[in-house]
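Undergrad: One file is attached below, final-v9.cif, containing mmCIF, C-alpha atoms.
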```
data_input
#
loop_
_atom_site.label_atom_id
_atom_site.label_comp_id
_atom_site.auth_asym_id
_atom_site.auth_seq_id
_atom_site.Cartn_x
_atom_site.Cartn_y
_atom_site.Cartn_z
CA MET A 1 -37.26 -15.08 -188.15
CA SER A 2 -36.45 -12.52 -185.46
CA ARG A 3 -37.75 -12.93 -181.91
CA ARG A 4 -39.41 -9.51 -182.23
CA PHE A 5 -41.40 -10.65 -185.27
CA GLN A 6 -42.37 -13.90 -183.53
CA PHE A 7 -43.51 -11.93 -180.51
CA SER A 8 -45.53 -9.48 -182.63
CA LEU A 9 -47.22 -12.31 -184.50
CA LYS A 10 -48.16 -14.04 -181.28
CA THR A 11 -49.56 -10.77 -179.96
CA LEU A 12 -51.65 -10.32 -183.11
CA LEU A 13 -52.94 -13.89 -182.96
CA ARG A 14 -53.87 -13.50 -179.34
CA LEU A 15 -55.57 -10.19 -179.99
CA ALA A 16 -57.69 -11.72 -182.74
CA VAL A 17 -58.71 -14.69 -180.63
CA THR A 18 -59.31 -12.40 -177.64
CA CYS A 19 -61.78 -10.35 -179.66
CA ILE A 20 -63.62 -13.50 -180.72
CA SER A 21 -63.64 -14.82 -177.18
CA PHE A 22 -64.86 -11.50 -175.76
CA ALA A 23 -67.65 -11.34 -178.34
CA GLY A 24 -68.70 -14.84 -177.35
CA THR A 25 -68.78 -13.78 -173.70
CA ILE A 26 -71.10 -10.88 -174.52
CA THR A 27 -73.38 -13.18 -176.53
CA ARG A 28 -73.60 -15.73 -173.73
CA SER A 29 -74.36 -13.05 -171.16
CA SER A 30 -77.57 -12.14 -172.98
CA GLY A 31 -79.36 -15.12 -171.50
CA GLU A 32 -77.34 -18.30 -171.26
CA GLU A 33 -75.53 -17.30 -168.06
CA ASP A 34 -78.74 -16.88 -166.08
CA ALA A 35 -79.97 -20.27 -167.22
CA GLY A 36 -76.84 -22.02 -165.94
CA SER A 37 -76.06 -19.92 -162.88
CA SER A 38 -77.33 -22.55 -160.44
CA ALA A 39 -76.11 -25.61 -162.32
CA THR A 40 -73.21 -26.44 -159.96
CA PRO A 41 -74.15 -29.69 -158.18
CA PRO A 42 -74.25 -29.53 -154.37
CA ALA A 43 -71.27 -31.89 -153.97
CA ALA A 44 -69.10 -29.55 -156.01
CA GLN A 45 -70.05 -26.28 -154.33
CA GLU A 46 -69.81 -27.56 -150.75
CA LYS A 47 -66.97 -25.67 -149.10
CA VAL A 48 -63.89 -27.75 -148.36
CA LEU A 49 -62.63 -27.04 -144.85
CA PRO A 50 -59.16 -27.65 -143.37
CA ASP A 51 -58.70 -31.19 -142.04
CA SER A 52 -56.22 -31.01 -139.16
CA GLU A 53 -56.49 -34.73 -138.39
CA ALA A 54 -55.54 -35.77 -141.91
CA ASP A 55 -52.80 -33.14 -141.94
CA GLY A 56 -51.43 -34.70 -138.75
CA ARG A 57 -51.41 -38.17 -140.27
CA LEU A 58 -49.48 -36.83 -143.25
CA ARG A 59 -46.87 -35.27 -140.97
CA ASP A 60 -46.56 -38.54 -139.05
CA ALA A 61 -46.11 -40.51 -142.28
CA LEU A 62 -43.35 -38.17 -143.49
CA LYS A 63 -41.77 -37.47 -140.11
CA ASP A 64 -38.34 -35.86 -140.12
CA THR A 65 -39.12 -33.98 -143.35
CA ALA A 66 -39.84 -30.24 -143.40
CA VAL A 67 -43.28 -29.79 -141.82
CA ASP A 68 -43.99 -26.46 -143.50
CA LEU A 69 -43.64 -28.08 -146.94
CA LEU A 70 -46.40 -30.63 -146.22
CA GLU A 71 -49.29 -28.16 -146.20
CA MET A 72 -52.43 -29.31 -148.03
CA VAL A 73 -54.64 -26.49 -149.32
CA PRO A 74 -58.45 -26.94 -149.33
CA ILE A 75 -59.86 -26.38 -152.82
CA THR A 76 -63.63 -26.05 -152.98
CA GLY A 77 -65.08 -27.56 -156.14
CA GLY A 78 -67.09 -25.77 -158.78
CA SER A 79 -67.75 -25.29 -162.48
CA TYR A 80 -65.52 -23.49 -164.95
CA THR A 81 -64.58 -23.33 -168.61
CA MET A 82 -61.70 -25.76 -169.16
CA GLY A 83 -59.34 -25.13 -172.06
CA SER A 84 -57.91 -22.00 -173.60
CA PRO A 85 -59.79 -19.36 -175.58
CA LEU A 86 -56.57 -19.01 -177.59
CA ASP A 87 -56.88 -22.58 -178.89
CA MET A 88 -57.55 -22.65 -182.64
CA GLY A 89 -58.05 -26.37 -183.21
CA LEU A 90 -56.59 -27.85 -186.37
CA ALA A 91 -56.15 -24.34 -187.77
CA GLY A 92 -53.63 -23.74 -185.00
CA PHE A 93 -50.93 -26.01 -186.42
CA LEU A 94 -49.20 -23.31 -188.47
CA PRO A 95 -49.40 -20.56 -185.81
CA SER A 96 -48.09 -23.03 -183.22
CA MET A 97 -45.09 -23.77 -185.41
CA ILE A 98 -44.41 -20.09 -186.07
CA VAL A 99 -44.47 -18.97 -182.44
CA GLU A 100 -42.86 -22.22 -181.21
CA SER A 101 -45.65 -23.01 -178.76
CA PRO A 102 -48.35 -25.70 -178.78
CA SER A 103 -50.83 -23.34 -177.12
CA PHE A 104 -52.93 -22.79 -180.22
CA ILE A 105 -53.72 -26.45 -180.85
CA ASN A 106 -53.81 -28.74 -177.80
CA GLN A 107 -55.74 -26.67 -175.27
CA GLY A 108 -59.27 -27.11 -176.55
CA PRO A 109 -62.03 -27.27 -177.26
CA GLU A 110 -63.21 -25.05 -174.44
CA HIS A 111 -65.93 -26.82 -172.50
CA GLU A 112 -67.75 -26.51 -169.22
CA VAL A 113 -66.46 -28.81 -166.48
CA THR A 114 -67.49 -29.41 -162.87
CA VAL A 115 -65.10 -30.86 -160.30
CA ASP A 116 -65.71 -31.81 -156.69
CA GLY A 117 -63.57 -30.36 -153.92
CA PHE A 118 -60.19 -31.73 -152.82
CA TYR A 119 -56.96 -30.86 -151.04
CA LEU A 120 -53.87 -30.04 -153.07
CA GLY A 121 -50.27 -29.77 -151.93
CA LYS A 122 -49.22 -26.15 -151.48
CA TYR A 123 -45.84 -27.16 -152.89
CA GLU A 124 -44.54 -29.73 -155.32
CA VAL A 125 -43.23 -32.95 -153.78
CA THR A 126 -39.65 -32.35 -152.65
CA VAL A 127 -36.47 -34.39 -152.96
CA GLU A 128 -36.51 -34.94 -149.20
CA GLN A 129 -40.04 -36.34 -149.29
CA ILE A 130 -39.45 -38.72 -152.20
CA VAL A 131 -36.21 -40.01 -150.64
CA PHE A 132 -38.02 -40.60 -147.34
CA PHE A 133 -40.54 -42.72 -149.26
CA LEU A 134 -37.85 -44.71 -151.08
CA ASN A 135 -36.13 -45.52 -147.79
CA ALA A 136 -39.43 -46.35 -146.06
CA ILE A 137 -40.25 -49.01 -148.65
CA GLU A 138 -36.58 -50.10 -148.84
CA ALA A 139 -36.46 -49.58 -152.59
CA LYS A 140 -33.39 -51.29 -153.99
CA ASP A 141 -33.46 -50.07 -157.60
CA GLU A 142 -34.42 -47.11 -159.76
CA ARG A 143 -37.88 -48.24 -160.80
CA TYR A 144 -39.49 -45.07 -159.40
CA LEU A 145 -36.95 -42.54 -160.60
CA PHE A 146 -35.26 -41.57 -163.84
CA LEU A 147 -31.69 -41.09 -162.62
CA HIS A 148 -28.79 -39.69 -164.58
CA PRO A 149 -25.41 -38.19 -163.61
CA HIS A 150 -26.90 -34.80 -162.70
CA SER A 151 -29.79 -36.03 -160.59
CA PRO A 152 -29.63 -34.77 -156.96
CA VAL A 153 -30.75 -38.19 -155.65
CA ARG A 154 -28.21 -40.90 -154.97
CA ARG A 155 -28.06 -44.49 -153.80
CA ASP A 156 -25.51 -44.67 -150.96
CA GLY A 157 -25.01 -48.28 -149.84
CA ASP A 158 -28.42 -49.56 -148.80
CA ARG A 159 -29.93 -46.08 -148.36
CA TRP A 160 -31.12 -43.31 -150.64
CA THR A 161 -29.83 -39.80 -150.07
CA TRP A 162 -29.44 -36.47 -151.88
CA GLU A 163 -26.68 -34.04 -152.63
CA GLU A 164 -26.09 -31.15 -150.24
CA GLY A 165 -28.62 -28.34 -150.56
CA ALA A 166 -31.16 -30.37 -152.57
CA ALA A 167 -33.57 -31.42 -149.79
CA HIS A 168 -36.18 -28.74 -150.46
CA LEU A 169 -35.95 -28.69 -154.24
CA ALA A 170 -38.85 -30.10 -156.20
CA ALA A 171 -38.22 -33.79 -156.94
CA ASP A 172 -37.51 -33.60 -160.66
CA THR A 173 -36.71 -37.12 -161.85
CA VAL A 174 -39.86 -38.92 -160.65
CA ILE A 175 -41.47 -41.14 -163.26
CA TRP A 176 -45.27 -41.46 -163.41
CA GLN A 177 -45.23 -44.91 -161.81
CA GLY A 178 -43.04 -43.51 -159.04
CA ALA A 179 -45.46 -40.69 -158.34
CA LYS A 180 -48.32 -43.19 -158.25
CA ALA A 181 -46.39 -45.49 -155.92
CA PHE A 182 -45.69 -42.58 -153.55
CA CYS A 183 -49.41 -41.74 -153.44
CA LYS A 184 -50.32 -45.40 -152.84
CA TRP A 185 -47.83 -45.69 -149.98
CA LEU A 186 -49.13 -42.49 -148.38
CA SER A 187 -52.71 -43.73 -148.68
CA GLU A 188 -51.86 -47.04 -147.02
CA THR A 189 -49.80 -45.36 -144.31
CA THR A 190 -52.26 -42.61 -143.38
CA GLY A 191 -55.63 -44.20 -144.15
CA ASP A 192 -56.49 -41.17 -146.29
CA ARG A 193 -56.64 -41.32 -150.06
CA TYR A 194 -53.79 -39.62 -151.91
CA ARG A 195 -53.40 -39.56 -155.68
CA LEU A 196 -52.30 -37.36 -158.56
CA PRO A 197 -54.73 -34.64 -159.64
CA THR A 198 -56.66 -35.06 -162.84
CA GLU A 199 -56.11 -32.44 -165.53
CA ALA A 200 -59.46 -30.87 -164.74
CA GLU A 201 -58.67 -30.66 -161.02
CA TRP A 202 -55.21 -29.24 -161.66
CA GLU A 203 -56.55 -26.59 -164.05
CA TRP A 204 -59.38 -25.64 -161.68
CA ALA A 205 -56.88 -25.11 -158.86
CA ALA A 206 -54.57 -23.08 -161.10
CA ARG A 207 -57.16 -20.99 -162.98
CA GLY A 208 -60.23 -20.64 -160.78
CA LYS A 209 -63.68 -19.71 -162.02
CA GLU A 210 -62.44 -16.42 -163.42
CA GLY A 211 -60.17 -18.22 -165.90
CA ARG A 212 -56.74 -16.90 -164.88
CA LEU A 213 -54.10 -17.39 -167.57
CA TYR A 214 -51.45 -17.26 -164.84
CA PRO A 215 -51.93 -18.57 -161.30
CA TRP A 216 -51.97 -15.06 -159.81
CA GLY A 217 -54.25 -13.47 -162.40
CA VAL A 218 -54.62 -12.05 -165.95
CA THR A 219 -57.67 -13.17 -167.90
CA VAL A 220 -58.00 -13.34 -171.67
CA THR A 221 -59.66 -9.93 -171.82
CA GLU A 222 -56.69 -8.44 -169.94
CA LEU A 223 -54.05 -9.69 -172.37
CA PRO A 224 -51.75 -7.06 -173.92
CA THR A 225 -52.81 -5.60 -177.25
CA ASP A 226 -49.43 -4.20 -178.27
CA ASP A 227 -45.79 -5.19 -177.97
CA GLU A 228 -44.94 -2.65 -175.28
CA GLN A 229 -47.63 -3.99 -172.95
CA ALA A 230 -46.67 -7.55 -173.87
CA LYS A 231 -43.08 -6.89 -172.82
CA LYS A 232 -44.30 -5.61 -169.46
CA LEU A 233 -46.38 -8.74 -168.96
CA ASP A 234 -43.44 -10.93 -169.94
CA ALA A 235 -41.26 -9.14 -167.36
CA GLU A 236 -43.96 -9.61 -164.70
CA VAL A 237 -44.24 -13.33 -165.43
CA ARG A 238 -40.48 -13.71 -165.16
CA GLN A 239 -40.45 -11.83 -161.87
CA ARG A 240 -43.13 -14.14 -160.47
CA ALA A 241 -42.05 -17.51 -161.87
CA ASP A 242 -38.70 -17.57 -163.69
CA TRP A 243 -37.07 -20.69 -162.29
CA GLY A 244 -33.99 -20.82 -164.46
CA PRO A 245 -32.69 -21.89 -167.86
CA SER A 246 -34.57 -23.88 -170.47
CA VAL A 247 -34.20 -27.66 -170.73
CA PHE A 248 -31.61 -27.34 -173.48
CA ARG A 249 -29.55 -24.85 -171.49
CA GLN A 250 -29.75 -27.18 -168.50
CA LEU A 251 -28.14 -29.93 -170.57
CA ALA A 252 -25.43 -27.52 -171.71
CA ASN A 253 -24.81 -26.31 -168.15
CA PRO A 254 -25.54 -29.22 -165.78
CA ASN A 255 -24.12 -27.33 -162.79
CA TRP A 256 -26.83 -24.66 -162.70
CA LYS A 257 -28.64 -24.43 -159.38
CA ARG A 258 -32.37 -24.84 -158.84
CA ARG A 259 -34.32 -22.83 -156.27
CA PRO A 260 -36.26 -24.46 -153.39
CA VAL A 261 -40.01 -24.84 -153.71
CA GLY A 262 -41.93 -21.74 -152.66
CA SER A 263 -39.24 -19.35 -153.90
CA PHE A 264 -41.85 -17.25 -155.73
CA PRO A 265 -44.66 -16.55 -153.21
CA ASN A 266 -45.87 -13.65 -155.37
CA GLY A 267 -46.61 -16.20 -158.11
CA ALA A 268 -49.06 -18.17 -155.95
CA THR A 269 -52.77 -18.62 -156.64
CA PRO A 270 -55.34 -16.75 -154.51
CA ASP A 271 -55.69 -20.01 -152.52
CA GLY A 272 -51.96 -19.97 -151.81
CA LEU A 273 -50.77 -22.77 -154.12
CA CYS A 274 -47.14 -22.14 -155.02
CA ASP A 275 -45.16 -22.99 -158.14
CA MET A 276 -48.16 -23.99 -160.26
CA VAL A 277 -46.18 -22.73 -163.24
CA GLY A 278 -42.46 -22.37 -163.73
CA GLY A 279 -41.33 -25.30 -161.61
CA VAL A 280 -41.08 -28.90 -162.73
CA TRP A 281 -43.69 -30.51 -164.96
CA GLU A 282 -46.25 -32.17 -162.71
CA TRP A 283 -47.71 -35.57 -163.56
CA CYS A 284 -51.51 -35.85 -163.75
CA GLU A 285 -53.68 -38.96 -163.58
CA ASP A 286 -54.93 -38.59 -167.15
CA ARG A 287 -53.78 -40.18 -170.35
CA TYR A 288 -53.01 -37.55 -172.97
CA ALA A 289 -55.16 -36.71 -175.98
CA LEU A 290 -54.41 -33.85 -178.38
CA ARG A 291 -58.01 -32.64 -178.06
CA TYR A 292 -60.33 -32.73 -175.04
CA ASP A 293 -63.42 -34.90 -175.01
CA ALA A 294 -65.96 -32.14 -174.37
CA SER A 295 -68.62 -34.70 -173.47
CA GLN A 296 -66.80 -35.36 -170.17
CA THR A 297 -68.23 -32.61 -168.01
CA ARG A 298 -68.27 -33.95 -164.43
CA ASN A 299 -64.91 -34.90 -162.86
CA PRO A 300 -63.42 -35.84 -166.26
CA LYS A 301 -60.59 -38.36 -166.29
CA GLY A 302 -59.32 -38.14 -169.85
CA PRO A 303 -59.29 -40.88 -172.51
CA ALA A 304 -59.49 -44.54 -171.52
CA VAL A 305 -56.73 -45.45 -174.00
CA SER A 306 -53.87 -43.39 -175.40
CA LEU A 307 -50.53 -44.05 -177.07
CA ALA A 308 -49.30 -40.55 -176.22
CA GLY A 309 -48.37 -41.10 -172.59
CA ARG A 310 -49.57 -39.20 -169.53
CA VAL A 311 -50.40 -35.53 -169.09
CA MET A 312 -47.96 -33.10 -167.49
CA ARG A 313 -48.89 -29.63 -166.26
CA GLY A 314 -47.30 -26.45 -164.99
CA GLY A 315 -43.62 -26.75 -165.81
CA GLN A 316 -40.94 -25.00 -167.86
CA GLU A 317 -38.27 -23.27 -165.85
CA ASN A 318 -37.53 -20.69 -168.54
CA VAL A 319 -40.83 -18.83 -168.54
CA GLY A 320 -39.95 -17.00 -171.72
CA GLY A 321 -40.49 -20.25 -173.60
CA GLY A 322 -44.25 -19.81 -174.01
CA PHE A 323 -45.18 -22.72 -171.74
CA THR A 324 -46.28 -20.96 -168.59
CA GLU A 325 -50.01 -20.38 -168.90
CA THR A 326 -52.34 -22.35 -166.67
CA THR A 327 -53.86 -24.08 -169.71
CA THR A 328 -50.51 -25.36 -171.00
CA ARG A 329 -50.26 -29.14 -171.26
CA LEU A 330 -47.67 -31.63 -172.43
CA SER A 331 -47.39 -35.39 -172.54
CA ALA A 332 -44.58 -37.77 -171.67
CA SER A 333 -44.01 -41.49 -171.49
CA PRO A 334 -44.84 -42.72 -167.97
CA ASP A 335 -41.27 -43.99 -167.59
CA CYS A 336 -39.82 -40.73 -169.01
CA HIS A 337 -37.87 -40.53 -172.21
CA ARG A 338 -35.03 -38.05 -172.02
CA ASP A 339 -32.11 -36.98 -169.91
CA ALA A 340 -33.71 -33.94 -168.26
CA ARG A 341 -34.69 -32.93 -164.75
CA ILE A 342 -38.29 -31.92 -165.43
CA TYR A 343 -40.48 -34.74 -164.05
CA GLY A 344 -42.22 -34.01 -160.74
CA CYS A 345 -45.58 -34.21 -159.00
CA ARG A 346 -47.96 -32.60 -156.53
CA LEU A 347 -50.12 -34.51 -154.05
CA LEU A 348 -53.91 -34.49 -154.09
CA ARG A 349 -55.82 -35.75 -151.07
CA GLU A 350 -59.48 -36.61 -151.47
CA VAL A 351 -62.05 -35.17 -149.09
CA ARG A 352 -63.16 -37.65 -146.45
CA ALA A 353 -66.82 -38.58 -146.44
CA ARG A 354 -68.62 -36.88 -143.59
CA SER A 355 -70.19 -39.15 -140.98
CA SER A 356 -73.32 -38.48 -138.95
CA ALA A 357 -71.03 -37.82 -135.96
CA ASP A 358 -69.34 -35.04 -137.93
CA ASP A 359 -72.72 -33.48 -138.65
CA ASP A 360 -73.63 -33.61 -134.96
CA GLU A 361 -70.50 -31.65 -134.14
#
```
Could you write out this file's structure as structure tokens?

TA:
Amino acid sequence: MSRRFQFSLKTLLRLAVTCISFAGTITRSSGEEDAGSSATPPAAQEKVLPDSEADGRLRDALKDTAVDLLEMVPITGGSYTMGSPLDMGLAGFLPSMIVESPSFINQGPEHEVTVDGFYLGKYEVTVEQIVFFLNAIEAKDERYLFLHPHSPVRRDGDRWTWEEGAAHLAADTVIWQGAKAFCKWLSETTGDRYRLPTEAEWEWAARGKEGRLYPWGVTVTELPTDDEQAKKLDAEVRQRADWGPSVFRQLANPNWKRRPVGSFPNGATPDGLCDMVGGVWEWCEDRYALRYDASQTRNPKGPAVSLAGRVMRGGQENVGGGFTETTTRLSASPDCHRDARIYGCRLLREVRARSSADDDE
């Protein structure tokens, strides 16, 4: 099957689902929207302000690493529709196989979700930061990384180091337990609480209330309706987030060079979060399930039990591969399972509880 036919079919499928989604939006606007317009709980809609003290503690904990790559962005909470309007449920199996993308089956059902505010790293955790952590805890083995001959991280005597030029690349061989251990160490060192974002938090930060399909914009009603427009959108996405070859081409050409984090500022969210798509796959807290539990509506945390590993969001270097929308989700074994440089993370810091002294100020 030619790529042109695959692309046309995907465009047709999206157009059909877009029409259905748009019709549903019109129906809801006739009365349902007014009824729920004030449903966001106070804790979620309270504006999250910059926290210079916590930012200072983070810089102290990771001293000697690049300060400008430690920025934590305030994300005010709110309510939004989680999941993709392009998801077709079980009926999406065949279309997903045809267009070689899981987007029609594992991004639903759409459901309303409310998340409280938080701080999220402007950039993905870098090689320099993860190596600093490994040396700080005097790690003596590879329990937190999935190392292979092409990994930029090395063990040199009793210290960890990285190959020249790799300091500001996204750490891309971090296993889930390693990401969790890094967050735990930061929490103990700073006194603030760091962790991985949940899927719902990650998607809220990437999509916003307007439901952006890409971090910088484009909603479902703005999707192309013909191949010519679709090609223009594809070119725009590549210009904003094309990080390099696909996983399989990486394996065939292990000497290809990654770009440092923040290399695509025009692909950032309105809040300024960089590399939310197109970089490495970012670990989330949640266990993976093929379908969302729509009954979890407030700060959802995913299934309590799963044999499918942990959720990953936002990756795929080759953005032509159909994996770059803000609703895209994959799963992986917590200890990783293949020889690829795709496993990374982004820090979330919880908002500190306000004291009466803070209110007085």

Undergrad: Running the PyMOL selection byres ((chain A and resi 162) around 9) on this model by hand, what would come out? Give it as an mmCIF file with C-alpha atoms, in the coordinates of the input.

TA:
```
data_model
loop_
_atom_site.group_PDB
_atom_site.id
_atom_site.type_symbol
_atom_site.label_atom_id
_atom_site.label_comp_id
_atom_site.auth_asym_id
_atom_site.auth_seq_id
_atom_site.Cartn_x
_atom_site.Cartn_y
_atom_site.Cartn_z
ATOM 1 C CA VAL A 127 -36.470 -34.390 -152.960
ATOM 2 C CA GLU A 128 -36.510 -34.940 -149.200
ATOM 3 C CA VAL A 131 -36.210 -40.010 -150.640
ATOM 4 C CA SER A 151 -29.790 -36.030 -160.590
ATOM 5 C CA PRO A 152 -29.630 -34.770 -156.960
ATOM 6 C CA VAL A 153 -30.750 -38.190 -155.650
ATOM 7 C CA ARG A 154 -28.210 -40.900 -154.970
ATOM 8 C CA ARG A 155 -28.060 -44.490 -153.800
ATOM 9 C CA TRP A 160 -31.120 -43.310 -150.640
ATOM 10 C CA THR A 161 -29.830 -39.800 -150.070
ATOM 11 C CA GLU A 163 -26.680 -34.040 -152.630
ATOM 12 C CA GLU A 164 -26.090 -31.150 -150.240
ATOM 13 C CA GLY A 165 -28.620 -28.340 -150.560
ATOM 14 C CA ALA A 166 -31.160 -30.370 -152.570
ATOM 15 C CA ALA A 167 -33.570 -31.420 -149.790
#
```

Undergrad: Using all atoms listed in the file, find the one residue out of A:Asp55, A:Asp156, A:Asp192, A:Glu285 that sits nearest to Lys180 (chain A).

TA: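 The closest residue to Lys180 (chain A) is A:Glu285.
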
Undergrad: Tell me, in Å to one decimal, how far CA of Ala304 (chain A) is from CA of Glu203 (chain A).

TA: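 Result for CA of Ala304 (chain A) versus CA of Glu203 (chain A): 19.7 Å, one decimal.
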
Undergrad: For the provided coordinates, the residues matched by the PyMOL selection byres ((chain A and resi 272-279) around 7) should be stated as a PDB file with C-alpha atoms, in the coordinates of the input.

TA:
```pdb
ATOM      1  CA  LYS A 122     -49.220 -26.150-151.480  1.00  0.00           C
ATOM      2  CA  TYR A 123     -45.840 -27.160-152.890  1.00  0.00           C
ATOM      3  CA  ALA A 206     -54.570 -23.080-161.100  1.00  0.00           C
ATOM      4  CA  PRO A 215     -51.930 -18.570-161.300  1.00  0.00           C
ATOM      5  CA  ALA A 241     -42.050 -17.510-161.870  1.00  0.00           C
ATOM      6  CA  ASP A 242     -38.700 -17.570-163.690  1.00  0.00           C
ATOM      7  CA  TRP A 243     -37.070 -20.690-162.290  1.00  0.00           C
ATOM      8  CA  GLY A 262     -41.930 -21.740-152.660  1.00  0.00           C
ATOM      9  CA  PRO A 265     -44.660 -16.550-153.210  1.00  0.00           C
ATOM     10  CA  GLY A 267     -46.610 -16.200-158.110  1.00  0.00           C
ATOM     11  CA  ALA A 268     -49.060 -18.170-155.950  1.00  0.00           C
ATOM     12  CA  THR A 269     -52.770 -18.620-156.640  1.00  0.00           C
ATOM     13  CA  PRO A 270     -55.340 -16.750-154.510  1.00  0.00           C
ATOM     14  CA  ASP A 271     -55.690 -20.010-152.520  1.00  0.00           C
ATOM     15  CA  VAL A 280     -41.080 -28.900-162.730  1.00  0.00           C
ATOM     16  CA  TRP A 281     -43.690 -30.510-164.960  1.00  0.00           C
ATOM     17  CA  GLY A 314     -47.300 -26.450-164.990  1.00  0.00           C
ATOM     18  CA  GLY A 315     -43.620 -26.750-165.810  1.00  0.00           C
ATOM     19  CA  GLN A 316     -40.940 -25.000-167.860  1.00  0.00           C
ATOM     20  CA  GLU A 317     -38.270 -23.270-165.850  1.00  0.00           C
ATOM     21  CA  VAL A 319     -40.830 -18.830-168.540  1.00  0.00           C
ATOM     22  CA  THR A 324     -46.280 -20.960-168.590  1.00  0.00           C
TER      23      THR A 324
END
```

Undergrad: One decimal, Å: what's the distance from CA of Thr190 (chain A) over to CA of Glu53 (chain A), could you say?

TA: 10.2 Å

Undergrad: Step by step, work through what the PyMOL selection byres ((chain A and resi 207) around 12) selects in the shown file, and finish by giving those residues as number ranges by chain.

TA: A: 75, 78-84, 199-206, 208-220, 268-271, 273, 276-277, 314, 325-328

Undergrad: Set the distance at 8 Å and use only C-alpha atoms: which residues neighbour Tyr119 (chain A) once local chain neighbours fewer than 5 positions away are removed? I'd like the list as an MDAnalysis selection string.

TA: chainID A and resid 72:75 348:351

Undergrad: Work out how far CA of Arg329 (chain A) is from CA of Thr297 (chain A), in Å to one decimal.

TA: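 Going from CA of Thr297 (chain A) over to CA of Arg329 (chain A) covers 18.6 Å.
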
Undergrad: Region 90-139 of chain A near region 342-346 of chain A within 6 Å: what's each residue's closest atom pair and its distance in Å to one decimal, counting all atoms listed in the file, ordered by chain then ascending residue number, as JSON lines?

TA:
```
{"residue": "A:Gly121", "atom": "CA", "partner": "A:Arg346", "partner_atom": "CA", "distance": 5.9}
{"residue": "A:Glu124", "atom": "CA", "partner": "A:Arg346", "partner_atom": "CA", "distance": 4.6}
{"residue": "A:Val125", "atom": "CA", "partner": "A:Arg346", "partner_atom": "CA", "distance": 5.5}
```

Undergrad: Using all atoms listed in the file, pick whichever of A:Lys231, A:Arg313, A:Arg240, A:Arg159 has the shortest atom-to-atom distance to Gln107 (chain A).

TA: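 Going through A:Lys231, A:Arg313, A:Arg240, A:Arg159 one by one, the smallest distance to Gln107 (chain A) is for A:Arg313.
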
Undergrad: Considering all atoms listed in the file, can you say which of A:Val115, A:Leu196, A:Met97, A:Leu62 comes closest to Leu134 (chain A)?

TA: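 Checking each candidate against Leu134 (chain A), we get A:Leu62 as the closest.
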